[in-house]
Every structure is written in C-alpha cells, then in structure tokens.
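Worksheet: the structure to be examined is printed underneath.
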Amino acid sequence: MKLRTSTTPPPVLSGSPAASALTAAVAAAVSLTACGGEGVGAGVDSAIIMTPPGTGVTAAYSPLYEPGTEAVEQLQYTEPDGTLVTFMGARPTERHARERGEAWDAPDTGPGRYFTFPTFYFQNRTFGLEIRDEVPAGRQKISVYLHVNDGTFRGTTFSLFRNINNPNVRDFGWSLNYGFNNPLEGNQPICHAGSRDCMMSFTSNWRTSPHSPLKIGDKIELAPAPRLLSPALDGGGERYYSFEQLYVVGKGMRPWYGIAPNLDSEPLPDETLLGGQASVSYNYSEEPHRVFQQMANNIGIGNTKRFVQGRRLFHTSFADGTHSEHPTSNPVFTEHKGQLGPRYNQARCIECHTLNGRSAAPAAGARLATLSVLTGAAGAGDTVLPDPTYGWNVQQVAGSTSAPAYGVSVASYTKTVRTLADGTQVELARPVYSFSGPVPSLYSVRQAPQVIGMGLLEAVAEPTILALADPNDANGDGVRGVPHWVNNPETGKVHLGRFGWKATKASVRQQVGDALIKDMGVTSPVFPSVSCQKGSPDCRATTAATAVSETELQRMSDYLSLIGVPAQRSLRSGYPEGIRVSPEHDVNPTLIQRGSAVFAEARCTSCHTAQLTTSNNHPFAELRNQTIRPYTDLLLHDMGPELADTLTEGQATPNLWRTQPLWGLGSLKFVQGGAQNVRYLHDGRARTLTEAIMWHGGEATGSRDRFAALPKADRDALFAFLESL
C-alpha cells in the first residue's frame with residue numbers, strides 16, 4: 001500500500017490513494033526486504049513519498065543522524081604541542097601483501113592469501129596501533145603502542161620502512177624490524193587486552209641510507225605480525241600476518257598503490273579514492289575476487305573487532321550454525337542453529353551476495369536460488385496488499401517436506417535486437433518466469449547487489465541528496481530525480497530512502513532486518529515476528545525473544561557499514577622488470593581518462609553523480625567528511641516501460657528505479673568468478689554493459705541514444721573507464 005502525507009504531490013508520481021481510503025488492517029502492514037535487497041511498500045512501515053522538508057510536508061521529517069552525534073571511537077587527533085595521534089585497526093591474515101603464491105608451489109601465479117580470513121579470525125585476534133607522531137611538534141620521534149582488543153598477545157613482529165634499495169625485494173622485506181616489549185612484564189612482549197602497555201619507538205627514516213631525520217611527508221610502511229600466547233586461548237593458530245599499511249608522517253594512514261621500484265608504497269591520489277580514506281588499497285597478492293570483503297582502510301581499533309564479529313554472522317548458517325569458510329575448523333555458532341523460518345531462500349547472507357557481490361547468474365530452467373521474487377496484490381484504489389499465497393515475496397525453500405514447493409525459474413527469454421550507429425547489433429533478452437505455485441498478480445524479480453560502501457552512502461546527509469533532485473525538470477534536460485521518503489519500521493520516523501533497487505530502506509540496520517526476515521525467515525528487533533513476512537497487521541506486537549538479538553543486529557549492521565570500497569584502478573603500477581602484471585592492474589590510464597570524458601559527454605552523470613561528500617554526523621568517524629565517488633544520486637528515476645515490471649513499492653511505481661552506484665563495477669568479473677557470471681540491472685537480464693545501457697529508457701533515453709551513436713573507439717574507452725571503477 002502507498003501512503004503520502006504531503007500537501008503538494010510530486011509532479012512525476014501520481015495515483016497515490018487518499019489516507020481515508022486506508023483500512024485499519026492494511027495500514028498496520030509492513031514493508032520488508034529480500035535477498036535482493038528490496039521491500040514492498042505497505043502501511044505505516046511502508047515507503048512514503050513526500051515533498052522535501054520545508055515545502056508543505058505534514059508528516060515530520062527526521063534526519064537519519066542528528067548533528068552532534070558522538071563518534072563511536074576516535075581515529076586521529078592533535079595534541080596542544082602539535083603531536084599527531086593516529087589509531088590504526090588491524091586483523092589477522094595469512095601472508096604478505098605482495099605475495100601472489102608460494103615460491104615452492106606456484107611461483108608468481110596467485111592467488112595469494114593476504115585478503116583471507118583465517119580460522120578463528122572473529123575472536124581474540126583483532127588489535128591495533130596507536131601512532132604518536134612528534135615530528136609535527138618539532139621532535140624527531142614516533143612512538144607506536146600496541147592495543148589488543150581481546151585475549152593476550154605475545155607481542156608482534158613489527159616491520160617498518162620497506163627495503164626498496166634492495167633489488168631482490170619483491171614480495172616482502174623491510175629495513176627495520178622491531179617487537180613490542182612491556183616494561184611491566186620484565187620487558188617481555190606480553191601485551192594485554194584493553195591496555196597500552198606495549199610500545200616501541202624510532203627516530204629516523206630507514207628508507208634512506210644513511211638514515212635521515214624524519215620529516216613531514218615521509219612514508220612508513222607498517223607491517224605488524226601478531227602472536228598469541230602459546231597455546232592459543234581458543235585452540236586456533238598462534239602466529240599470523242596482518243595488513244601492510246602506509247603511514248605518512250604528519251598526516252596519517254593513507255590507501256596506497258605500488259610504484260617503481262618494486263611496487264614501492266605510495267599514497268593513492270585523491271581522484272582514485274572512490275570511498276575516500278575508507279578506500280581499499282590496490283592489491284598485489286592477486287586476490288581480486290576477495291576485494292569486496294575488506295575493511296575500510298581507515299578503520300579504528302575497536303571497530304575492527306565490530307567488523308569481524310559482524311562478518312561472522314553474515315557467514316553463519318541459520319540452519320546448522322556453521323561458518324561458510326573452514327566449516328570444520330571454525331567453531332559452530334550454536335546460538336543460531338535451527339533459526340531459519342518455515343520458509344526461506346538461503347541459509348546464509350553470503351549465499352545470496354557472492355563474496356559480498358551479486359546474485360549468481362540466473363540460468364534458464366534453474367530455480368532462482370539467490371535472487372528474490374517480490375510479490376503483492378492489488379488492493380482498493382492504487383494500494384498494494386500482500387499476495388495471499390506468498391506475502392511480500394516468494395520464499396522458495398520449505399522447511400517441511402510436506403509443504404508445497406514454490407520455486408521460480410526462468411522459462412525462456414524474449415529477445416529483441418538493437419542496432420548501434422556503426423551497425424553493431426546488440427541482442428536484448430527479457431526473462432520470462434515460471435512459477436511452480438500460483439502466479440502472483442504483481443511481482444518483481446531482483447538480484448542481490450554488492451554490499452560495499454553501504455556505510456558511506458548512509459553517511460551522506462539528506463540535504464546533499466535533495467539538492468540533486470529536480471522533480472519539475474527545471475533545467476530542461478529531461479532528467480528529474482525524486483526522493484523516496486520512508487518510515488522507520490521501529491520508530492515510525494520519516495527518513496530519506498537510499499538502499500534497495502527502489503530506495504525503500506533508509507538505513508543499513510533496516511536493510512539488514514528486512515533481509516533476515518524476508519530471505520531467511522529470521523526474526524530481529526526490526527521485524528520480531530515471522531508473520532511480518534506475510535504482512536500481518538500486528539506482527540510487531542510480540543514479546544518473544546528474536547533469533548538475532550539487538551547486539552548481533554548491531555554487529556551485522558556495523559560490519560556492512562565498515563566494508564571498504566576498492567580504489568579506482570586507473571593508474572599503472574610499478575611492477576619490477578620481468579614480472580607479469582596482474583590482470584586487474586593491466587590498465588590503460590589514457591583510455592580510462594578518455595572514457596571518463598565520454599561518460600560525462602553522454603550525460604550519464606545526470607543520474608550517476610560522480611562525487612558526493614559525507615556528513616559529520618555518522619556514528620563511525622571512518623565515514624565522516626569523506627569525498628566519495630559512488631556514481632549515484634540515490635534518487636528515483638523513470639527508466640521507461642521496458643524496465644518496468646508490475647509491482648509498486650511505496651510511491652515507487654514500476655517504472656521508477658534508484659540510480660545504482662557504479663563503484664566496484666570493474667571488480668564484478670573477478671568476484672563473480674568470470675565475466676560470464678556477471679549480470680546487470682535489477683533482475684539480472686543484462687549480460688554485458690552494452691546491454692545494460694541499451695535497456696535504459698525514460699529519463700535515460702537521451703544518454704542511451706548518445707551511447708548508441710558513439711564510434712567503437714569511444715565505446716571501448718567508456719567501458720575501460722567503467723571497468724576501472
């Protein structure tokens with residue numbers, strides 16, 4: 001059901017029912033999300049569209065985060081004397097940053113094991129460094145303190161200043177190796193949780209020979225390697241590597257890439273930082289398939305622990321409690337055994353979002369196991385009610401063998417051919433679906449999107465997004481863009497929608513709670529009853545304990561908020577002579593630059609806004625005041641009848657879709673296991689970027705036609721640019 005509480009209807013959205021037409025039962029229904037990240041608008045928990053604040057809104061608008069929101073933890077500050085104090089979070093990994101494979105096994109071929117998450121990664125193994133940089137205060141000294149989140153560490157091996165003067169250094173090798181000692185433990189490297197009792201310091205730049213005095217701008221590569229007490233507290237490993245980070249004297253942590261000689265660490269230029277300082281550095285261990293799973297580069301020490309704890313739940317089966325990685329070695333999460341609902345689609349979050357990427361490519365005749373099929377039924381006027389069989393989406397797996405199967409598959413494709421100006425033909429394939437159960441009167445198929453950068457999008461302030469809206473097409477370019485205002489299902493407050501294919505979710509927390517109930521039938525404080533999936537009017541009226549507690553809901557939200565965005569791969573890296581360039585780094589900067597210009601000339605940026613700035617109000621300091629390049633305006637746009645289906649969500653009619661972020665686009669072919677497995681658009685119908693563009697209609701018709709008129713050289717440049725994101 002749709003509900004608008006505005007005195008001035010938005011001009012591009014029509015047909016909203018009057019509030020007096022709402023029945024009490026329908027008005028109490030709910031809006032939920034699916035594996036594909038969507039929800040169907042319904043009742044007081046539904047998406048609400050209204051005019052921007054200050055233009056006649058009758059329902060109270062509330063910003064997602066109020067000004068003055070306190071940060072969860074501090075990342076950097078300057079003391080009165082000029083000393084710069086920076087905090088760097090760290091987690092365990094298995095090998096070094098520039099190793100693509102062991103020399104005795106598969107030399108120089110990869111993948112390495114730098115981006116991996118070892119067994120037991122989620123407990124007793126996160127830590128961080130407090131870097132006290134006195135160089136800005138006029139003193140030649142930097143001190144580093146080791147902070148342990150849990151358990152007790154037997155110090156670390158701590159390597160600094162990569163040894164670029166040695167031509168044989170290719171994978172690893174540093175000029176300075178230290179360890180942390182604790183004077184309270186007889187100078188033994190025993191470092192306790194919750195304290196800063198272990199430290200070390202240095203007073204010169206070991207990148208030079210002879211060593212020179214430290215100065216602002218000097219580069220220091222930090223490579224800690226933690227050790228746990230022997231035997232390990234939980235039976236896991238005792239010795240690990242960690243991320244190799246770049247600290248710039250007088251400035252702080254910076255995402256890096258490799259330059260000559262020998263992939264020496266260098267701060268990435270600002271224009272490549274799609275996620276601002278939260279961007280993930282270039283990767284030289286040849287693991288691009290794992291790039292969507294990494295922490296924000298600027299993550300704090302305590303937030304590193306929150307990240308790994310939330311990640312564990314994202315990878316946990318709500319059927320048997322096992323972890324998707326190392327299921328026989330990682331401990332079973334027994335608290336979550338047997339928590340799947342009576343119907344579900346998948347048992348783990350990660351099973352829809354492939355390696356934090358998208359749904360598996362749908363194959364003709366196969367059940368849409370990792371996509372979502374949202375459903376509804378037409379009510380009075382223009383209202384949308386739950387489907388009488390499925391509720392708000394088809395949960396295709398039944399927990400009981402006696403329950404009927406509700407599988408949905410692609411039966412066939414309706415194909416059309418479009419011809420570009422130079423004669424190139426493009427085949428467009430629209431899927432035709434088959435239901436093993438009743439065919440819903442209204443439905444929409446959605447693929448799961450990648451989950452990178454969600455916290456950064458949440459951190460963009462509402463006024464920033466609203467400034468991009470143009471509901472009356474004031475500039476006459478045919479592109480409008482309207483906000484989708486949504487109700488918080490827990491508080492009833494009105495926020496700006498920004499997540500999901502139709503911007504039906506305002507926050508990461510709401511998105512998580514919706515996905516749990518819709519895709520797995522798992523209850524949480526957002527939707528505490530399984531009956532919420534069927535639109536029960538009193539589904540929130542329960543005092544029963546939920547499957548996911550408030551603590552764990554917050555952990556999963558924190559994890560998704562703190563996933564970093566890969567930096568744009570638009571620069572050539574300084575591989576040593578004779579070393580094969582990794583495929584993800586074999587790029588042409590000149591072609592990419594031309595493609596960026598073509599993208600703008602085709603006016604794609606009218607919707608795919610290149611640059612946004614996050615606010616200072618988000619609880620995570622990592623996400624504050626970041627210049628990001630997501631290539632989205634987070635608004636709804638009319639994409640024409642060919643992309644429309646039959647389902648309205650809130651005030652987002654079937655032809656209206658949120659502008660999808662483009663960051664991470666070029667990594668999809670690695671994450672999804674090959675370009676043949678990548679699908680674009682809401683239902684995954686487009687097999688290539690060319691197809692995706694040619695499906696654009698409505699407000700995007702002009703950009704589509706400009707693309708179709710391009711010579712092949714410009715199209716190739718455009719694709720090189722998109723693949724670099």
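Following the order of the structure tokens, chains are lettered A, B, ..., residues in each are numbered from 1, and ligands are numbered from 1.
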Notebook entry, point to check: Using only C-alpha atoms, which residues sit within 12 Å of A:Ala708 once same-chain residues fewer than 5 positions away are excluded, as number ranges by chain?
Noted result: A: 418-426, 602, 690-691, 693-696, 701-703, 714-715
Would you save the residues of that selection, restricted to N, CA and C atoms, as a PDB file, in the first residue's frame?
ATOM      1  N   ARG A 418      18.859  -4.570 -31.105  1.00  0.00           N
ATOM      2  CA  ARG A 418      19.042  -3.139 -31.351  1.00  0.00           C
ATOM      3  C   ARG A 418      20.329  -2.953 -32.154  1.00  0.00           C
ATOM      4  N   THR A 419      20.336  -1.981 -33.020  1.00  0.00           N
ATOM      5  CA  THR A 419      21.496  -1.728 -33.861  1.00  0.00           C
ATOM      6  C   THR A 419      22.098  -0.376 -33.527  1.00  0.00           C
ATOM      7  N   LEU A 420      23.384  -0.366 -33.219  1.00  0.00           N
ATOM      8  CA  LEU A 420      24.085   0.878 -32.935  1.00  0.00           C
ATOM      9  C   LEU A 420      24.385   1.614 -34.236  1.00  0.00           C
ATOM     10  N   ALA A 421      24.827   2.853 -34.111  1.00  0.00           N
ATOM     11  CA  ALA A 421      25.024   3.705 -35.292  1.00  0.00           C
ATOM     12  C   ALA A 421      26.045   3.131 -36.260  1.00  0.00           C
ATOM     13  N   ASP A 422      27.028   2.383 -35.756  1.00  0.00           N
ATOM     14  CA  ASP A 422      28.048   1.838 -36.653  1.00  0.00           C
ATOM     15  C   ASP A 422      27.684   0.452 -37.170  1.00  0.00           C
ATOM     16  N   GLY A 423      26.450   0.021 -36.924  1.00  0.00           N
ATOM     17  CA  GLY A 423      25.983  -1.262 -37.425  1.00  0.00           C
ATOM     18  C   GLY A 423      26.114  -2.408 -36.446  1.00  0.00           C
ATOM     19  N   THR A 424      26.758  -2.204 -35.308  1.00  0.00           N
ATOM     20  CA  THR A 424      26.888  -3.260 -34.306  1.00  0.00           C
ATOM     21  C   THR A 424      25.516  -3.635 -33.773  1.00  0.00           C
ATOM     22  N   GLN A 425      25.229  -4.915 -33.729  1.00  0.00           N
ATOM     23  CA  GLN A 425      23.942  -5.386 -33.237  1.00  0.00           C
ATOM     24  C   GLN A 425      24.059  -5.853 -31.794  1.00  0.00           C
ATOM     25  N   VAL A 426      23.054  -5.507 -31.012  1.00  0.00           N
ATOM     26  CA  VAL A 426      23.004  -5.852 -29.587  1.00  0.00           C
ATOM     27  C   VAL A 426      21.722  -6.616 -29.324  1.00  0.00           C
ATOM     28  N   ALA A 602      28.110  11.962 -22.559  1.00  0.00           N
ATOM     29  CA  ALA A 602      26.836  11.278 -22.797  1.00  0.00           C
ATOM     30  C   ALA A 602      25.797  11.649 -21.736  1.00  0.00           C
ATOM     31  N   THR A 690      27.039  -3.180 -22.430  1.00  0.00           N
ATOM     32  CA  THR A 690      26.336  -2.663 -23.606  1.00  0.00           C
ATOM     33  C   THR A 690      24.840  -2.944 -23.497  1.00  0.00           C
ATOM     34  N   GLU A 691      24.478  -4.165 -23.133  1.00  0.00           N
ATOM     35  CA  GLU A 691      23.066  -4.490 -22.962  1.00  0.00           C
ATOM     36  C   GLU A 691      22.436  -3.632 -21.876  1.00  0.00           C
ATOM     37  N   ILE A 693      23.168  -0.669 -20.831  1.00  0.00           N
ATOM     38  CA  ILE A 693      22.940   0.701 -21.295  1.00  0.00           C
ATOM     39  C   ILE A 693      21.782   0.755 -22.280  1.00  0.00           C
ATOM     40  N   MET A 694      21.722  -0.216 -23.187  1.00  0.00           N
ATOM     41  CA  MET A 694      20.674  -0.199 -24.206  1.00  0.00           C
ATOM     42  C   MET A 694      19.289  -0.504 -23.646  1.00  0.00           C
ATOM     43  N   TRP A 695      19.207  -1.052 -22.441  1.00  0.00           N
ATOM     44  CA  TRP A 695      17.908  -1.229 -21.786  1.00  0.00           C
ATOM     45  C   TRP A 695      17.395   0.081 -21.183  1.00  0.00           C
ATOM     46  N   HIS A 696      18.274   1.064 -21.004  1.00  0.00           N
ATOM     47  CA  HIS A 696      17.865   2.318 -20.374  1.00  0.00           C
ATOM     48  C   HIS A 696      16.823   3.029 -21.245  1.00  0.00           C
ATOM     49  N   THR A 701      16.820   8.024 -21.795  1.00  0.00           N
ATOM     50  CA  THR A 701      16.778   7.793 -23.245  1.00  0.00           C
ATOM     51  C   THR A 701      17.836   8.600 -23.982  1.00  0.00           C
ATOM     52  N   GLY A 702      17.999   9.855 -23.606  1.00  0.00           N
ATOM     53  CA  GLY A 702      18.981  10.697 -24.278  1.00  0.00           C
ATOM     54  C   GLY A 702      20.394  10.157 -24.135  1.00  0.00           C
ATOM     55  N   SER A 703      20.764   9.736 -22.937  1.00  0.00           N
ATOM     56  CA  SER A 703      22.102   9.179 -22.719  1.00  0.00           C
ATOM     57  C   SER A 703      22.275   7.876 -23.482  1.00  0.00           C
ATOM     58  N   ASP A 714      35.266   5.189 -28.908  1.00  0.00           N
ATOM     59  CA  ASP A 714      34.746   5.870 -27.719  1.00  0.00           C
ATOM     60  C   ASP A 714      33.987   4.901 -26.813  1.00  0.00           C
ATOM     61  N   ARG A 715      33.288   3.931 -27.402  1.00  0.00           N
ATOM     62  CA  ARG A 715      32.616   2.934 -26.567  1.00  0.00           C
ATOM     63  C   ARG A 715      33.645   2.117 -25.783  1.00  0.00           C
TER      64      ARG A 715
END
Notebook entry, point to check: Which residues come within 8 Å of A:Ala347, counting only C-alpha atoms, excluding same-chain residues fewer than 2 positions away, as a PyMOL selection string?
Noted result: chain A and resi 317-319+340+344-345+349+351+520
Write the selection just made, keeping all heavy atoms, as a PDB file, in the first residue's frame?
ATOM      1  N   SER A 317      25.436 -20.062   8.955  1.00  0.00           N
ATOM      2  CA  SER A 317      24.199 -20.727   8.538  1.00  0.00           C
ATOM      3  C   SER A 317      23.196 -20.692   9.688  1.00  0.00           C
ATOM      4  O   SER A 317      23.509 -21.110  10.811  1.00  0.00           O
ATOM      5  CB  SER A 317      24.475 -22.176   8.157  1.00  0.00           C
ATOM      6  OG  SER A 317      23.266 -22.904   8.040  1.00  0.00           O
ATOM      7  N   PHE A 318      21.986 -20.204   9.390  1.00  0.00           N
ATOM      8  CA  PHE A 318      20.930 -20.220  10.399  1.00  0.00           C
ATOM      9  C   PHE A 318      20.225 -21.580  10.433  1.00  0.00           C
ATOM     10  O   PHE A 318      19.245 -21.742  11.151  1.00  0.00           O
ATOM     11  CB  PHE A 318      19.938 -19.089  10.135  1.00  0.00           C
ATOM     12  CG  PHE A 318      20.486 -17.731  10.493  1.00  0.00           C
ATOM     13  CD1 PHE A 318      21.153 -16.962   9.551  1.00  0.00           C
ATOM     14  CD2 PHE A 318      20.371 -17.235  11.775  1.00  0.00           C
ATOM     15  CE1 PHE A 318      21.679 -15.722   9.873  1.00  0.00           C
ATOM     16  CE2 PHE A 318      20.892 -15.995  12.117  1.00  0.00           C
ATOM     17  CZ  PHE A 318      21.549 -15.232  11.163  1.00  0.00           C
ATOM     18  N   ALA A 319      20.770 -22.532   9.683  1.00  0.00           N
ATOM     19  CA  ALA A 319      20.278 -23.913   9.768  1.00  0.00           C
ATOM     20  C   ALA A 319      21.097 -24.714  10.772  1.00  0.00           C
ATOM     21  O   ALA A 319      20.553 -25.307  11.705  1.00  0.00           O
ATOM     22  CB  ALA A 319      20.315 -24.587   8.399  1.00  0.00           C
ATOM     23  N   LEU A 340      16.207 -20.826  11.009  1.00  0.00           N
ATOM     24  CA  LEU A 340      15.523 -20.499   9.765  1.00  0.00           C
ATOM     25  C   LEU A 340      14.018 -20.548   9.968  1.00  0.00           C
ATOM     26  O   LEU A 340      13.505 -21.356  10.748  1.00  0.00           O
ATOM     27  CB  LEU A 340      15.913 -21.484   8.663  1.00  0.00           C
ATOM     28  CG  LEU A 340      17.333 -21.374   8.097  1.00  0.00           C
ATOM     29  CD1 LEU A 340      17.591 -22.531   7.146  1.00  0.00           C
ATOM     30  CD2 LEU A 340      17.538 -20.048   7.382  1.00  0.00           C
ATOM     31  N   TYR A 344      12.202 -20.135   3.424  1.00  0.00           N
ATOM     32  CA  TYR A 344      13.363 -19.258   3.275  1.00  0.00           C
ATOM     33  C   TYR A 344      13.902 -19.426   1.862  1.00  0.00           C
ATOM     34  O   TYR A 344      13.431 -20.279   1.087  1.00  0.00           O
ATOM     35  CB  TYR A 344      14.438 -19.594   4.313  1.00  0.00           C
ATOM     36  CG  TYR A 344      14.910 -21.026   4.277  1.00  0.00           C
ATOM     37  CD1 TYR A 344      16.034 -21.392   3.549  1.00  0.00           C
ATOM     38  CD2 TYR A 344      14.231 -22.021   4.986  1.00  0.00           C
ATOM     39  CE1 TYR A 344      16.470 -22.707   3.504  1.00  0.00           C
ATOM     40  CE2 TYR A 344      14.651 -23.340   4.956  1.00  0.00           C
ATOM     41  CZ  TYR A 344      15.776 -23.682   4.212  1.00  0.00           C
ATOM     42  OH  TYR A 344      16.200 -24.984   4.172  1.00  0.00           O
ATOM     43  N   ASN A 345      14.917 -18.623   1.531  1.00  0.00           N
ATOM     44  CA  ASN A 345      15.585 -18.743   0.235  1.00  0.00           C
ATOM     45  C   ASN A 345      16.992 -19.313   0.378  1.00  0.00           C
ATOM     46  O   ASN A 345      17.402 -20.179  -0.378  1.00  0.00           O
ATOM     47  CB  ASN A 345      15.642 -17.392  -0.477  1.00  0.00           C
ATOM     48  CG  ASN A 345      14.288 -16.976  -1.021  1.00  0.00           C
ATOM     49  OD1 ASN A 345      13.505 -17.820  -1.444  1.00  0.00           O
ATOM     50  ND2 ASN A 345      14.001 -15.687  -0.987  1.00  0.00           N
ATOM     51  N   CYS A 349      23.561 -15.214   4.709  1.00  0.00           N
ATOM     52  CA  CYS A 349      23.540 -13.965   3.941  1.00  0.00           C
ATOM     53  C   CYS A 349      24.498 -14.047   2.755  1.00  0.00           C
ATOM     54  O   CYS A 349      24.179 -13.604   1.645  1.00  0.00           O
ATOM     55  CB  CYS A 349      23.931 -12.786   4.826  1.00  0.00           C
ATOM     56  SG  CYS A 349      22.881 -12.536   6.273  1.00  0.00           S
ATOM     57  N   GLU A 351      25.319 -16.351   0.907  1.00  0.00           N
ATOM     58  CA  GLU A 351      24.938 -17.228  -0.193  1.00  0.00           C
ATOM     59  C   GLU A 351      24.151 -16.499  -1.284  1.00  0.00           C
ATOM     60  O   GLU A 351      24.085 -16.976  -2.416  1.00  0.00           O
ATOM     61  CB  GLU A 351      24.150 -18.424   0.348  1.00  0.00           C
ATOM     62  CG  GLU A 351      25.045 -19.380   1.131  1.00  0.00           C
ATOM     63  CD  GLU A 351      24.280 -20.489   1.809  1.00  0.00           C
ATOM     64  OE1 GLU A 351      23.034 -20.407   1.889  1.00  0.00           O
ATOM     65  OE2 GLU A 351      24.924 -21.443   2.278  1.00  0.00           O
ATOM     66  N   MET A 520      15.357 -15.290   4.950  1.00  0.00           N
ATOM     67  CA  MET A 520      15.636 -16.463   5.772  1.00  0.00           C
ATOM     68  C   MET A 520      14.560 -16.753   6.813  1.00  0.00           C
ATOM     69  O   MET A 520      14.647 -17.755   7.518  1.00  0.00           O
ATOM     70  CB  MET A 520      17.003 -16.301   6.445  1.00  0.00           C
ATOM     71  CG  MET A 520      18.143 -16.339   5.443  1.00  0.00           C
ATOM     72  SD  MET A 520      19.794 -16.118   6.169  1.00  0.00           S
ATOM     73  CE  MET A 520      19.778 -14.350   6.443  1.00  0.00           C
TER      74      MET A 520
END
Check: as a ChimeraX atom specification, which residues of stretch 372-605 of chain A does DSSP assign to alpha helix (DSSP H)?
Finding: /A:454-459,462-466,508-515,550-561,589-601
Could you write out that same residue set with C-alpha atoms as a PDB file, in the first residue's frame?
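Saved as selection.pdb:
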ATOM      1  CA  MET A 454      26.891   0.973   2.381  1.00  0.00           C
ATOM      2  CA  GLY A 455      28.050   2.943   5.408  1.00  0.00           C
ATOM      3  CA  LEU A 456      29.389   5.734   3.220  1.00  0.00           C
ATOM      4  CA  LEU A 457      26.051   6.036   1.427  1.00  0.00           C
ATOM      5  CA  GLU A 458      24.289   6.087   4.784  1.00  0.00           C
ATOM      6  CA  ALA A 459      26.606   8.899   5.893  1.00  0.00           C
ATOM      7  CA  GLU A 462      19.735  14.261   3.322  1.00  0.00           C
ATOM      8  CA  PRO A 463      20.210  17.869   2.085  1.00  0.00           C
ATOM      9  CA  THR A 464      23.112  16.699  -0.105  1.00  0.00           C
ATOM     10  CA  ILE A 465      20.854  14.182  -1.837  1.00  0.00           C
ATOM     11  CA  LEU A 466      17.848  16.503  -2.025  1.00  0.00           C
ATOM     12  CA  VAL A 508      21.796  -0.242   6.924  1.00  0.00           C
ATOM     13  CA  ARG A 509      20.038  -1.528  10.040  1.00  0.00           C
ATOM     14  CA  GLN A 510      16.641  -1.523   8.328  1.00  0.00           C
ATOM     15  CA  GLN A 511      18.130  -3.242   5.291  1.00  0.00           C
ATOM     16  CA  VAL A 512      19.648  -5.976   7.466  1.00  0.00           C
ATOM     17  CA  GLY A 513      16.480  -6.612   9.452  1.00  0.00           C
ATOM     18  CA  ASP A 514      14.395  -6.759   6.303  1.00  0.00           C
ATOM     19  CA  ALA A 515      16.773  -9.193   4.590  1.00  0.00           C
ATOM     20  CA  GLU A 550      19.902  -6.383  19.380  1.00  0.00           C
ATOM     21  CA  THR A 551      23.641  -6.853  19.924  1.00  0.00           C
ATOM     22  CA  GLU A 552      24.062  -9.102  16.909  1.00  0.00           C
ATOM     23  CA  LEU A 553      21.823  -6.983  14.698  1.00  0.00           C
ATOM     24  CA  GLN A 554      24.084  -4.065  15.514  1.00  0.00           C
ATOM     25  CA  ARG A 555      27.180  -6.146  14.813  1.00  0.00           C
ATOM     26  CA  MET A 556      25.957  -7.119  11.367  1.00  0.00           C
ATOM     27  CA  SER A 557      24.980  -3.520  10.607  1.00  0.00           C
ATOM     28  CA  ASP A 558      28.403  -2.354  11.768  1.00  0.00           C
ATOM     29  CA  TYR A 559      30.114  -4.907   9.529  1.00  0.00           C
ATOM     30  CA  LEU A 560      28.227  -3.835   6.427  1.00  0.00           C
ATOM     31  CA  SER A 561      28.827  -0.171   7.262  1.00  0.00           C
ATOM     32  CA  PRO A 589      45.256   5.285 -17.933  1.00  0.00           C
ATOM     33  CA  THR A 590      44.906   7.331 -21.136  1.00  0.00           C
ATOM     34  CA  LEU A 591      41.981   5.238 -22.347  1.00  0.00           C
ATOM     35  CA  ILE A 592      40.343   5.399 -18.926  1.00  0.00           C
ATOM     36  CA  GLN A 593      40.660   9.180 -18.854  1.00  0.00           C
ATOM     37  CA  ARG A 594      39.045   9.420 -22.272  1.00  0.00           C
ATOM     38  CA  GLY A 595      36.265   7.083 -21.140  1.00  0.00           C
ATOM     39  CA  SER A 596      35.551   9.314 -18.159  1.00  0.00           C
ATOM     40  CA  ALA A 597      35.104  12.237 -20.532  1.00  0.00           C
ATOM     41  CA  VAL A 598      32.797  10.177 -22.787  1.00  0.00           C
ATOM     42  CA  PHE A 599      30.733   9.214 -19.721  1.00  0.00           C
ATOM     43  CA  ALA A 600      30.216  12.893 -18.919  1.00  0.00           C
ATOM     44  CA  GLU A 601      29.607  13.871 -22.559  1.00  0.00           C
TER      45      GLU A 601
END
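Between atom CA of A:Gln626 and atom CA of A:Thr86 the interatomic distance comes to 17.1 Å.
Atom pair atom CA of A:Glu244 / atom CA of A:Ala567 has a distance of 16.0 Å (rounded to one decimal).
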Nearby residues (only C-alpha atoms) at most 10 Å from A:Pro438, same-chain spacing under 6 positions excluded, as a PDB file with N, CA and C atoms, in the first residue's frame:
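Result file result_24.pdb:
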ATOM      1  N   PRO A 388      -1.829 -13.278  -1.415  1.00  0.00           N
ATOM      2  CA  PRO A 388      -2.492 -14.225  -0.498  1.00  0.00           C
ATOM      3  C   PRO A 388      -1.718 -15.515  -0.276  1.00  0.00           C
ATOM      4  N   THR A 389      -0.850 -15.893  -1.189  1.00  0.00           N
ATOM      5  CA  THR A 389      -0.058 -17.116  -1.022  1.00  0.00           C
ATOM      6  C   THR A 389       1.319 -16.835  -0.457  1.00  0.00           C
ATOM      7  N   TYR A 390       1.993 -15.858  -1.012  1.00  0.00           N
ATOM      8  CA  TYR A 390       3.402 -15.639  -0.689  1.00  0.00           C
ATOM      9  C   TYR A 390       3.652 -14.527   0.325  1.00  0.00           C
ATOM     10  N   TYR A 406       7.529 -23.771  -3.859  1.00  0.00           N
ATOM     11  CA  TYR A 406       7.184 -22.515  -4.511  1.00  0.00           C
ATOM     12  C   TYR A 406       8.347 -22.024  -5.364  1.00  0.00           C
TER      13      TYR A 406
END
List every residue of stretch 84-165 of chain A that DSSP, applied to the backbone of this structure, assigns to strand (DSSP E or B), and report them as a compact mmCIF listing (two decimals) with C-alpha atoms, in the first residue's frame.
# COMPACT_ATOMS: atom_id res chain seq x y z
CA LEU A 84 49.63 13.87 15.89
CA VAL A 85 47.98 10.76 17.34
CA THR A 86 46.52 8.23 14.89
CA PHE A 87 44.78 4.90 15.56
CA MET A 88 45.04 2.03 13.08
CA GLY A 89 42.89 -1.10 13.33
CA ALA A 90 44.32 -4.47 12.29
CA PRO A 92 44.87 -11.33 11.14
CA THR A 93 45.65 -12.59 7.68
CA PHE A 127 44.28 -5.37 17.57
CA GLY A 128 45.60 -2.00 16.52
CA LEU A 129 48.34 0.57 16.69
CA GLU A 130 48.37 3.96 18.39
CA ILE A 131 50.89 6.07 16.49
CA ARG A 132 52.22 9.10 18.35
CA ASP A 133 53.93 11.26 15.73
CA ILE A 142 57.49 8.42 16.51
CA SER A 143 56.22 6.01 19.18
CA VAL A 144 53.87 3.14 18.46
CA TYR A 145 51.72 1.44 21.10
CA LEU A 146 50.08 -1.94 20.61
CA HIS A 147 46.40 -2.17 21.60
CA VAL A 148 44.90 -5.65 21.97
CA THR A 152 46.66 -11.61 25.42
CA PHE A 153 49.25 -11.21 22.67
CA ARG A 154 52.84 -12.25 22.93
CA GLY A 155 53.72 -9.01 21.20
CA THR A 156 54.18 -8.87 17.45
CA THR A 157 56.94 -8.80 14.93
CA PHE A 158 56.74 -5.23 13.65
CA SER A 159 58.37 -4.35 10.33
CA LEU A 160 58.72 -0.79 9.02
CA PHE A 161 60.20 1.02 6.02
CA ARG A 162 60.10 -1.29 3.01
Margin query: Measuring between only C-alpha atoms, which one of A:Glu649, A:Glu723, A:Glu286, A:Glu79 shows the shortest distance to A:Thr383?
Written below: A:Glu649
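Across A:Val332, A:Ala380, A:Val373, A:Val135, the tightest approach to A:Asp519 is made by A:Val373 when counting only C-alpha atoms.
Atom to atom, atom CA of A:Lys518 and atom CA of A:Lys493 stand 21.9 Å apart.
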